[in-house]
$ cat data-v3.txt   # compact mmCIF, C-alpha atoms and all ligand atoms
# COMPACT_ATOMS: atom_id res chain seq x y z
CA MET A 1 124.05 159.11 384.53
CA LEU A 2 125.95 162.27 385.38
CA GLY A 3 125.56 163.17 381.70
CA GLU A 4 121.77 163.15 382.13
CA ILE A 5 121.88 165.87 384.76
CA ARG A 6 120.51 169.13 383.33
CA GLY A 7 121.80 171.27 386.18
CA GLU A 8 125.51 171.74 386.84
CA VAL A 9 128.15 169.08 387.43
CA ARG A 10 131.62 170.26 388.43
CA PHE A 11 134.73 168.37 389.42
CA LYS A 12 137.13 169.38 392.20
CA GLU A 13 134.91 172.32 393.13
CA LEU A 14 136.28 174.23 396.11
CA LEU A 15 133.68 174.16 398.87
CA SER A 16 135.08 177.35 400.37
CA PHE A 17 132.96 179.07 397.70
CA HIS A 18 129.84 177.42 399.12
CA THR A 19 130.14 177.78 402.89
CA SER A 20 129.46 180.84 405.04
CA LEU A 21 132.81 180.29 406.82
CA ARG A 22 134.58 180.52 403.42
CA ILE A 23 136.44 177.33 404.29
CA GLY A 24 136.59 173.89 402.71
CA GLY A 25 138.66 171.87 400.25
CA PRO A 26 137.45 170.43 396.94
CA ALA A 27 134.49 168.14 396.36
CA ASP A 28 135.37 165.38 393.89
CA ILE A 29 131.94 165.69 392.25
CA PHE A 30 129.77 168.73 392.86
CA VAL A 31 126.20 168.74 391.57
CA VAL A 32 123.77 171.63 391.52
CA PRO A 33 120.59 169.84 390.45
CA GLN A 34 117.91 171.61 388.50
CA ASP A 35 115.07 169.46 389.80
CA VAL A 36 114.19 166.21 391.57
CA GLU A 37 114.97 164.22 388.43
CA ASP A 38 118.57 165.53 388.51
CA MET A 39 118.79 164.58 392.18
CA ARG A 40 117.70 161.05 391.27
CA HIS A 41 120.43 160.80 388.61
CA ALA A 42 123.05 161.97 391.11
CA LEU A 43 121.90 159.51 393.79
CA LYS A 44 121.84 156.66 391.29
CA PHE A 45 125.34 157.51 390.09
CA ALA A 46 126.64 157.63 393.67
CA GLU A 47 125.04 154.28 394.44
CA ARG A 48 126.49 152.65 391.33
CA GLU A 49 129.96 154.01 392.03
CA GLN A 50 129.58 153.37 395.77
CA LEU A 51 130.38 156.98 396.60
CA PRO A 52 129.09 158.75 399.69
CA VAL A 53 126.62 161.62 399.15
CA PHE A 54 126.77 164.88 401.11
CA VAL A 55 124.00 167.44 400.96
CA VAL A 56 124.69 171.13 401.37
CA GLY A 57 121.96 173.74 401.50
CA GLY A 58 123.26 177.26 402.07
CA GLY A 59 126.40 175.95 403.80
CA ASN A 60 125.69 178.09 406.88
CA ASN A 61 126.19 175.41 409.51
CA VAL A 62 129.02 173.29 408.16
CA ILE A 63 132.78 173.06 408.43
CA VAL A 64 134.26 171.29 405.43
CA LYS A 65 137.74 170.00 406.14
CA ASP A 66 140.73 171.27 404.15
CA ARG A 67 141.20 168.17 402.01
CA GLY A 68 137.59 168.34 400.91
CA ILE A 69 135.14 165.57 400.12
CA ARG A 70 135.66 162.26 398.39
CA GLY A 71 132.22 161.66 397.01
CA VAL A 72 129.26 163.51 395.57
CA VAL A 73 128.13 166.83 396.98
CA LEU A 74 124.56 167.89 396.19
CA ARG A 75 124.22 171.62 396.57
CA LEU A 76 120.54 172.51 396.92
CA GLU A 77 120.43 176.27 397.45
CA GLY A 78 118.30 177.70 394.67
CA CYS A 79 117.18 174.27 393.42
CA LEU A 80 113.56 173.44 394.37
CA GLY A 81 113.37 177.15 395.12
CA ARG A 82 109.60 177.74 394.92
CA ALA A 83 107.10 178.42 397.67
CA GLU A 84 103.31 178.42 397.36
CA PHE A 85 100.73 179.56 399.83
CA HIS A 86 97.37 177.86 400.34
CA GLY A 87 95.19 179.39 403.01
CA GLU A 88 97.27 179.49 406.17
CA GLU A 89 99.85 177.02 404.90
CA ALA A 90 103.10 177.34 402.95
CA VAL A 91 104.45 174.59 400.72
CA ALA A 92 108.16 175.20 400.22
CA GLY A 93 110.92 173.44 398.29
CA ALA A 94 114.14 172.50 400.07
CA GLY A 95 116.13 175.20 398.26
CA VAL A 96 113.87 178.10 399.24
CA GLY A 97 115.68 180.67 401.38
CA LEU A 98 114.19 180.91 404.85
CA SER A 99 114.29 184.73 404.89
CA ALA A 100 112.63 184.94 401.48
CA LEU A 101 109.86 182.63 402.69
CA ILE A 102 109.24 184.73 405.81
CA ARG A 103 109.12 187.89 403.64
CA GLU A 104 106.78 186.37 401.04
CA ALA A 105 104.45 185.07 403.72
CA ALA A 106 104.42 188.44 405.49
CA ALA A 107 103.43 190.20 402.26
CA LEU A 108 100.33 187.96 402.27
CA ASN A 109 99.62 188.82 405.94
CA LEU A 110 100.80 185.39 407.02
CA GLY A 111 103.04 185.09 410.04
CA GLY A 112 103.75 182.83 413.00
CA ILE A 113 107.31 181.90 412.00
CA GLU A 114 108.97 185.15 413.04
CA SER A 115 111.16 183.28 415.55
CA LEU A 116 113.13 182.03 412.50
CA VAL A 117 113.99 185.47 411.23
CA GLY A 118 117.63 186.29 410.50
CA ILE A 119 118.72 182.65 410.33
CA PRO A 120 120.67 182.14 407.10
CA ALA A 121 119.26 178.88 405.76
CA THR A 122 117.58 176.97 403.00
CA ILE A 123 114.39 175.21 404.02
CA GLY A 124 116.21 171.85 403.68
CA GLY A 125 119.04 172.96 405.97
CA ALA A 126 116.61 174.52 408.43
CA LEU A 127 114.64 171.25 408.61
CA ALA A 128 117.75 169.06 408.94
CA THR A 129 119.07 171.20 411.81
CA ASN A 130 115.66 172.09 413.29
CA ALA A 131 116.74 175.71 413.07
CA GLY A 132 115.26 178.35 415.31
CA THR A 133 115.50 179.99 418.67
CA ALA A 134 114.25 179.27 422.17
CA ASP A 135 110.95 180.92 421.09
CA GLY A 136 110.30 178.48 418.28
CA ARG A 137 112.05 176.07 415.96
CA ILE A 138 111.02 175.15 412.43
CA GLY A 139 109.85 171.70 413.60
CA ASP A 140 107.15 173.44 415.68
CA PHE A 141 105.50 174.67 412.46
CA VAL A 142 105.93 171.69 410.14
CA SER A 143 102.88 169.63 409.14
CA ALA A 144 104.59 167.45 406.51
CA VAL A 145 108.11 166.76 405.26
CA TYR A 146 108.93 165.43 401.79
CA PHE A 147 112.13 163.61 400.98
CA LEU A 148 113.81 161.53 398.34
CA HIS A 149 114.82 158.00 399.31
CA PRO A 150 118.19 156.81 397.94
CA ASP A 151 116.23 154.63 395.45
CA GLY A 152 114.63 157.77 393.98
CA THR A 153 111.13 157.39 395.42
CA ILE A 154 109.50 160.29 397.24
CA GLY A 155 108.56 159.83 400.89
CA GLU A 156 106.15 161.90 402.94
CA PHE A 157 106.40 162.14 406.67
CA LYS A 158 103.94 163.73 409.09
CA PRO A 159 106.01 164.65 412.11
CA GLY A 160 104.68 164.04 415.57
CA PRO A 161 106.04 165.05 418.95
CA GLY A 162 109.68 164.06 419.29
CA ASN A 163 110.50 163.74 415.59
CA PHE A 164 112.26 167.07 415.58
CA THR A 165 114.71 167.23 418.44
CA TYR A 166 117.07 169.95 419.66
CA LYS A 167 119.09 170.91 416.57
CA ALA A 168 118.18 167.80 414.58
CA PHE A 169 115.59 166.01 412.49
CA HIS A 170 116.22 162.34 411.92
CA LEU A 171 115.65 161.42 408.31
CA PRO A 172 115.77 157.88 406.95
CA PRO A 173 119.50 157.24 406.28
CA GLY A 174 120.73 158.42 402.87
CA SER A 175 117.61 160.40 402.03
CA VAL A 176 117.48 164.02 400.90
CA LEU A 177 114.87 166.55 402.00
CA VAL A 178 112.97 168.06 399.09
CA GLY A 179 110.39 170.25 400.85
CA CYS A 180 107.80 170.68 403.54
CA ARG A 181 104.47 172.18 404.56
CA LEU A 182 104.50 174.86 407.23
CA ARG A 183 101.57 176.05 409.34
CA LEU A 184 101.28 179.84 409.37
CA HIS A 185 98.61 182.13 410.72
CA ARG A 186 96.95 185.36 409.64
CA ARG A 187 98.66 188.39 411.04
CA PRO A 188 98.77 191.98 409.78
CA LEU A 189 101.93 192.83 407.83
CA ALA A 190 102.70 195.81 410.08
CA GLU A 191 102.69 193.59 413.18
CA ILE A 192 104.94 191.02 411.52
CA GLN A 193 107.35 193.73 410.35
CA LYS A 194 107.52 195.21 413.83
CA GLU A 195 108.39 191.85 415.37
CA ILE A 196 110.95 191.09 412.66
CA LYS A 197 112.65 194.43 413.26
CA GLN A 198 112.86 193.81 417.00
CA ARG A 199 114.21 190.31 416.57
CA LEU A 200 116.84 191.40 414.04
CA LYS A 201 117.97 194.16 416.39
CA VAL A 202 118.52 191.65 419.22
CA LYS A 203 120.27 189.22 416.86
CA LYS A 204 122.58 191.93 415.56
CA SER A 205 123.54 192.99 419.07
CA THR A 206 124.34 189.44 420.22
CA GLN A 207 125.85 187.73 417.15
CA PRO A 208 128.74 188.70 414.80
CA LEU A 209 126.48 188.77 411.75
CA ALA A 210 128.75 190.80 409.49
CA LEU A 211 131.68 188.37 409.74
CA ALA A 212 132.27 184.95 408.15
CA SER A 213 130.99 182.31 410.60
CA ALA A 214 128.80 179.23 410.64
CA GLY A 215 126.50 180.16 413.50
CA CYS A 216 126.72 178.55 416.92
CA VAL A 217 129.49 176.01 417.19
CA TRP A 218 128.14 174.31 420.32
CA LYS A 219 124.81 172.96 421.51
CA ASN A 220 123.69 174.14 424.92
CA PRO A 221 124.41 171.35 427.40
CA PRO A 222 121.47 170.37 429.65
CA GLY A 223 120.78 173.15 432.17
CA ALA A 224 123.55 175.45 430.94
CA GLU A 225 124.38 177.91 428.17
CA ALA A 226 127.39 177.06 426.03
CA THR A 227 128.17 180.75 425.41
CA ARG A 228 128.41 181.52 429.15
CA LEU A 229 130.67 178.50 429.82
CA LEU A 230 132.99 179.53 426.97
CA GLU A 231 133.10 183.12 428.24
CA LYS A 232 133.79 182.04 431.82
CA ALA A 233 136.61 179.83 430.53
CA GLY A 234 138.23 182.97 429.07
CA LEU A 235 137.90 181.83 425.47
CA ARG A 236 136.52 185.07 423.98
CA GLY A 237 138.87 186.47 421.36
CA LYS A 238 141.14 183.38 421.40
CA ARG A 239 142.87 183.04 418.02
CA LEU A 240 144.48 180.27 416.01
CA GLY A 241 145.83 181.38 412.64
CA ALA A 242 143.09 183.51 411.13
CA ALA A 243 140.31 181.83 413.12
CA GLU A 244 138.95 183.58 416.19
CA ILE A 245 136.43 182.83 418.92
CA SER A 246 134.16 185.84 418.55
CA THR A 247 134.51 188.61 421.12
CA LYS A 248 130.80 189.37 420.65
CA ASN A 249 129.53 185.83 421.18
CA ALA A 250 131.94 183.11 422.30
CA ASN A 251 129.77 180.42 420.70
CA PHE A 252 130.74 181.73 417.24
CA ILE A 253 134.09 181.12 415.55
CA ILE A 254 134.89 183.58 412.80
CA ASN A 255 137.20 183.47 409.83
CA ARG A 256 139.18 186.71 409.87
CA GLY A 257 140.38 185.96 406.32
CA GLY A 258 142.42 183.00 405.15
CA ALA A 259 141.65 180.65 408.07
CA THR A 260 141.80 176.92 407.38
CA ALA A 261 139.47 174.22 408.65
CA GLY A 262 142.50 173.08 410.67
CA ASP A 263 142.55 176.45 412.49
CA ILE A 264 138.82 176.24 413.26
CA LEU A 265 139.05 172.62 414.42
CA GLY A 266 142.05 173.54 416.60
CA LEU A 267 139.96 176.20 418.37
CA ILE A 268 137.10 173.72 418.73
CA ASP A 269 139.44 171.21 420.45
CA LEU A 270 140.86 173.91 422.70
CA ALA A 271 137.38 175.13 423.74
CA ARG A 272 136.10 171.59 424.36
CA GLU A 273 139.09 170.70 426.53
CA ARG A 274 139.06 173.95 428.51
CA VAL A 275 135.33 173.86 429.30
CA HIS A 276 135.57 170.21 430.28
CA HIS A 277 138.62 170.82 432.45
CA GLN A 278 137.13 173.87 434.24
CA PHE A 279 133.48 172.88 434.59
CA GLY A 280 133.38 169.12 433.94
CA VAL A 281 130.84 169.74 431.17
CA PRO A 282 131.28 167.83 427.88
CA LEU A 283 130.33 170.17 425.03
CA GLU A 284 128.83 168.76 421.85
CA THR A 285 129.13 170.52 418.48
CA GLU A 286 126.04 171.90 416.78
CA ILE A 287 127.99 172.69 413.63
CA ARG A 288 128.34 169.77 411.19
CA ILE A 289 131.90 168.76 410.35
CA ILE A 290 132.40 166.95 407.05
CA GLY A 291 135.18 165.84 404.73
CA ASP A 292 138.74 164.54 405.01
C1 LIG A 301 125.39 184.38 411.26
C2 LIG A 301 124.64 183.09 411.53
C3 LIG A 301 123.60 183.07 412.42
C4 LIG A 301 122.91 181.88 412.71
N1 LIG A 301 121.87 181.89 413.60
C5 LIG A 301 121.19 180.75 413.85
C6 LIG A 301 120.08 180.74 414.77
O1 LIG A 301 119.70 181.76 415.35
N2 LIG A 301 119.43 179.56 414.97
C7 LIG A 301 119.80 178.41 414.32
O2 LIG A 301 119.15 177.36 414.52
N3 LIG A 301 120.85 178.39 413.46
C8 LIG A 301 121.54 179.53 413.21
N4 LIG A 301 122.60 179.51 412.34
C9 LIG A 301 123.03 178.23 411.74
C10 LIG A 301 122.42 177.98 410.34
O3 LIG A 301 121.93 179.18 409.80
C11 LIG A 301 121.29 176.96 410.44
O4 LIG A 301 121.75 175.73 410.96
C12 LIG A 301 120.63 176.69 409.08
O5 LIG A 301 119.51 175.88 409.28
C13 LIG A 301 121.57 176.04 408.08
O6 LIG A 301 120.89 175.98 406.85
P1 LIG A 301 121.69 175.70 405.51
O7 LIG A 301 120.72 175.62 404.40
O8 LIG A 301 122.79 176.68 405.35
O9 LIG A 301 122.24 174.23 405.82
P2 LIG A 301 123.73 173.68 405.61
O10 LIG A 301 124.65 174.41 406.51
O11 LIG A 301 124.05 173.65 404.18
O12 LIG A 301 123.54 172.18 406.13
C14 LIG A 301 123.35 171.91 407.49
C15 LIG A 301 123.03 170.42 407.65
O13 LIG A 301 121.78 170.16 407.01
C16 LIG A 301 121.93 169.12 406.04
N5 LIG A 301 121.05 169.45 404.91
C17 LIG A 301 120.94 170.64 404.27
N6 LIG A 301 120.00 170.56 403.31
C18 LIG A 301 119.54 169.28 403.34
C19 LIG A 301 118.58 168.56 402.58
N7 LIG A 301 117.89 169.14 401.60
N8 LIG A 301 118.38 167.26 402.87
C20 LIG A 301 119.06 166.65 403.86
N9 LIG A 301 119.98 167.26 404.63
C21 LIG A 301 120.21 168.56 404.37
C22 LIG A 301 123.40 169.15 405.65
O14 LIG A 301 123.82 167.89 405.15
C23 LIG A 301 124.05 169.52 406.97
O15 LIG A 301 124.20 168.36 407.78
C24 LIG A 301 123.29 180.69 412.03
C25 LIG A 301 124.34 180.72 411.10
C26 LIG A 301 125.01 181.90 410.83
C27 LIG A 301 126.12 181.90 409.82

$ encode --input "data-v3.txt" --output "structure tokens"
Amino acid sequence: MLGEIRGEVRFKELLSFHTSLRIGGPADIFVVPQDVEDMRHALKFAEREQLPVFVVGGGNNVIVKDRGIRGVVLRLEGCLGRAEFHGEEAVAGAGVGLSALIREAAALNLGGIESLVGIPATIGGALATNAGTADGRIGDFVSAVYFLHPDGTIGEFKPGPGNFTYKAFHLPPGSVLVGCRLRLHRRPLAEIQKEIKQRLKVKKSTQPLALASAGCVWKNPPGAEATRLLEKAGLRGKRLGAAEISTKNANFIINRGGATAGDILGLIDLARERVHHQFGVPLETEIRIIGD
């Protein structure tokens, strides 16, 4: 079954090469599928061998633990990497880069999704995490989601209110997102470019974009902002090994070079405990933690 995969199959592939934090031990079996058929072969193999499957898009919102992953990792960035535009709608594969999609749409005078600009993501990862900002999340623009069931059949889902929640989209267990339809609207390129420029400027001034991170570590608790709580608890700049709570935005942990997942998880524990102790607020991670 693995032999039928036309894309790449690697063994003991270090996931630090595939995460924005540059952290993560080896995946026993690492598959970069070429198409949906390859994904089916990988899922079938995992089912037969009773191995867990982990999906990684761009790896921009995950911490992979130091001992890596016992199972099959499907890496989808670049696979299913085509987008088409029909009228005021985009049909995009799960491996399409979010920034590329926004750029391609803008060139056709199609906008409406500018609130997603500057978020490093594949479409699959953006859907799974309902990526976005307070001004708009990807779930607000989705008219259909396509996914692969573990048995290899394709499912289509038309989301209604409540299907996409804060930082999550709940897929049928074990399924893999393969694409979606997004509602756009006509907007002159110059207007879109102006808005993109403004948004990127704000993002650059509030987030440590040039350093290795995995975006916000914490969800905002109801009625509060995680970043403010972390700052008030004096956690800015706190270090463990080569991991550091960003001085620019305390909701980001950065890898200064050579940090381990253990260092990052140590800072996560420290921040959780301190915020709980000082403010009685239980913080919940936004970042996905996987592996042994
Ligand atoms: C500098 C920086 C800034 C960021 N700013 C923002 C921001 O403003 N707003 C925001 O929302 N996020 C932000 N993030 C976080 C991150 O960019 C988003 O969560 C993004 O959606 C992750 O996409 P990805 O393709 O890298 O997913 P990954 O990190 O690879 O995966 C994230 C989760 O999605 C699942 N997944 C991925 N693809 C699929 C698929 N095809 N099928 C099923 N499950 C899948 C994975 O299993 C995992 O649980 C930022 C990150 C960085 C590094």

$ closest_residue --input "data-v3.txt" --among "A:Leu127, A:Val36, A:Val275, A:Ile268" --to "ligand LIG 301 (chain A)" --atoms "only C-alpha atoms and all ligand atoms"
A:Leu127

$ residues_near_ligand --input "data-v3.txt" --ligand "ligand LIG 301 (chain A)" --cutoff "8 Å" --atoms "only C-alpha atoms and all ligand atoms" --output "count of residues only"
58

$ atom_distance --input "data-v3.txt" --atom1 "atom CA of A:Ala42" --atom2 "atom CA of A:Thr153"
13.5 Å

$ closest_residue --input "data-v3.txt" --among "A:Ala107, A:Met1, A:Ile113, A:Ala83" --to "A:Ala46" --atoms "all atoms listed in the file"
A:Met1

$ residues_around --input "data-v3.txt" --residues "A:Glu49" --least-positions-apart "3" --cutoff "12 Å" --atoms "all atoms listed in the file" --output "list in words"
Met1, Leu2, Ile29, Ala42, Leu43, Lys44, Phe45, Ala46, Pro52, Val53, Arg70, Gly71 and Val72 of chain A

$ build_atoms --input "data-v3.txt" --residues "stretch 278-291 of chain A" --atoms "N, CA and C atoms" --output "short mmCIF file (atom, residue, chain, number, x, y, z; two decimals), in the frame of the given file"
data_model
loop_
_atom_site.label_atom_id
_atom_site.label_comp_id
_atom_site.auth_asym_id
_atom_site.auth_seq_id
_atom_site.Cartn_x
_atom_site.Cartn_y
_atom_site.Cartn_z
N GLN A 278 137.55 172.89 433.20
CA GLN A 278 137.13 173.87 434.24
C GLN A 278 135.79 173.55 434.87
N PHE A 279 134.85 173.04 434.07
CA PHE A 279 133.48 172.88 434.59
C PHE A 279 132.99 171.43 434.58
N GLY A 280 133.79 170.53 434.02
CA GLY A 280 133.38 169.12 433.94
C GLY A 280 132.21 168.91 433.00
N VAL A 281 131.99 169.86 432.09
CA VAL A 281 130.84 169.74 431.17
C VAL A 281 131.35 169.34 429.78
N PRO A 282 130.86 168.21 429.24
CA PRO A 282 131.28 167.83 427.88
C PRO A 282 130.43 168.60 426.85
N LEU A 283 131.08 169.43 426.06
CA LEU A 283 130.33 170.17 425.03
C LEU A 283 130.20 169.32 423.77
N GLU A 284 129.07 169.50 423.09
CA GLU A 284 128.83 168.76 421.85
C GLU A 284 128.63 169.77 420.72
N THR A 285 129.25 169.52 419.56
CA THR A 285 129.13 170.52 418.48
C THR A 285 127.74 170.51 417.86
N GLU A 286 127.29 171.73 417.54
CA GLU A 286 126.04 171.90 416.78
C GLU A 286 126.37 171.92 415.29
N ILE A 287 127.49 172.55 414.99
CA ILE A 287 127.99 172.69 413.63
C ILE A 287 128.30 171.30 413.07
N ARG A 288 128.05 171.09 411.77
CA ARG A 288 128.34 169.77 411.19
C ARG A 288 129.71 169.80 410.53
N ILE A 289 130.53 168.81 410.88
CA ILE A 289 131.90 168.76 410.35
C ILE A 289 131.98 167.64 409.32
N ILE A 290 132.36 167.98 408.08
CA ILE A 290 132.40 166.95 407.05
C ILE A 290 133.71 166.99 406.28
N GLY A 291 134.02 165.88 405.62
CA GLY A 291 135.18 165.84 404.73
C GLY A 291 136.39 165.18 405.36
#
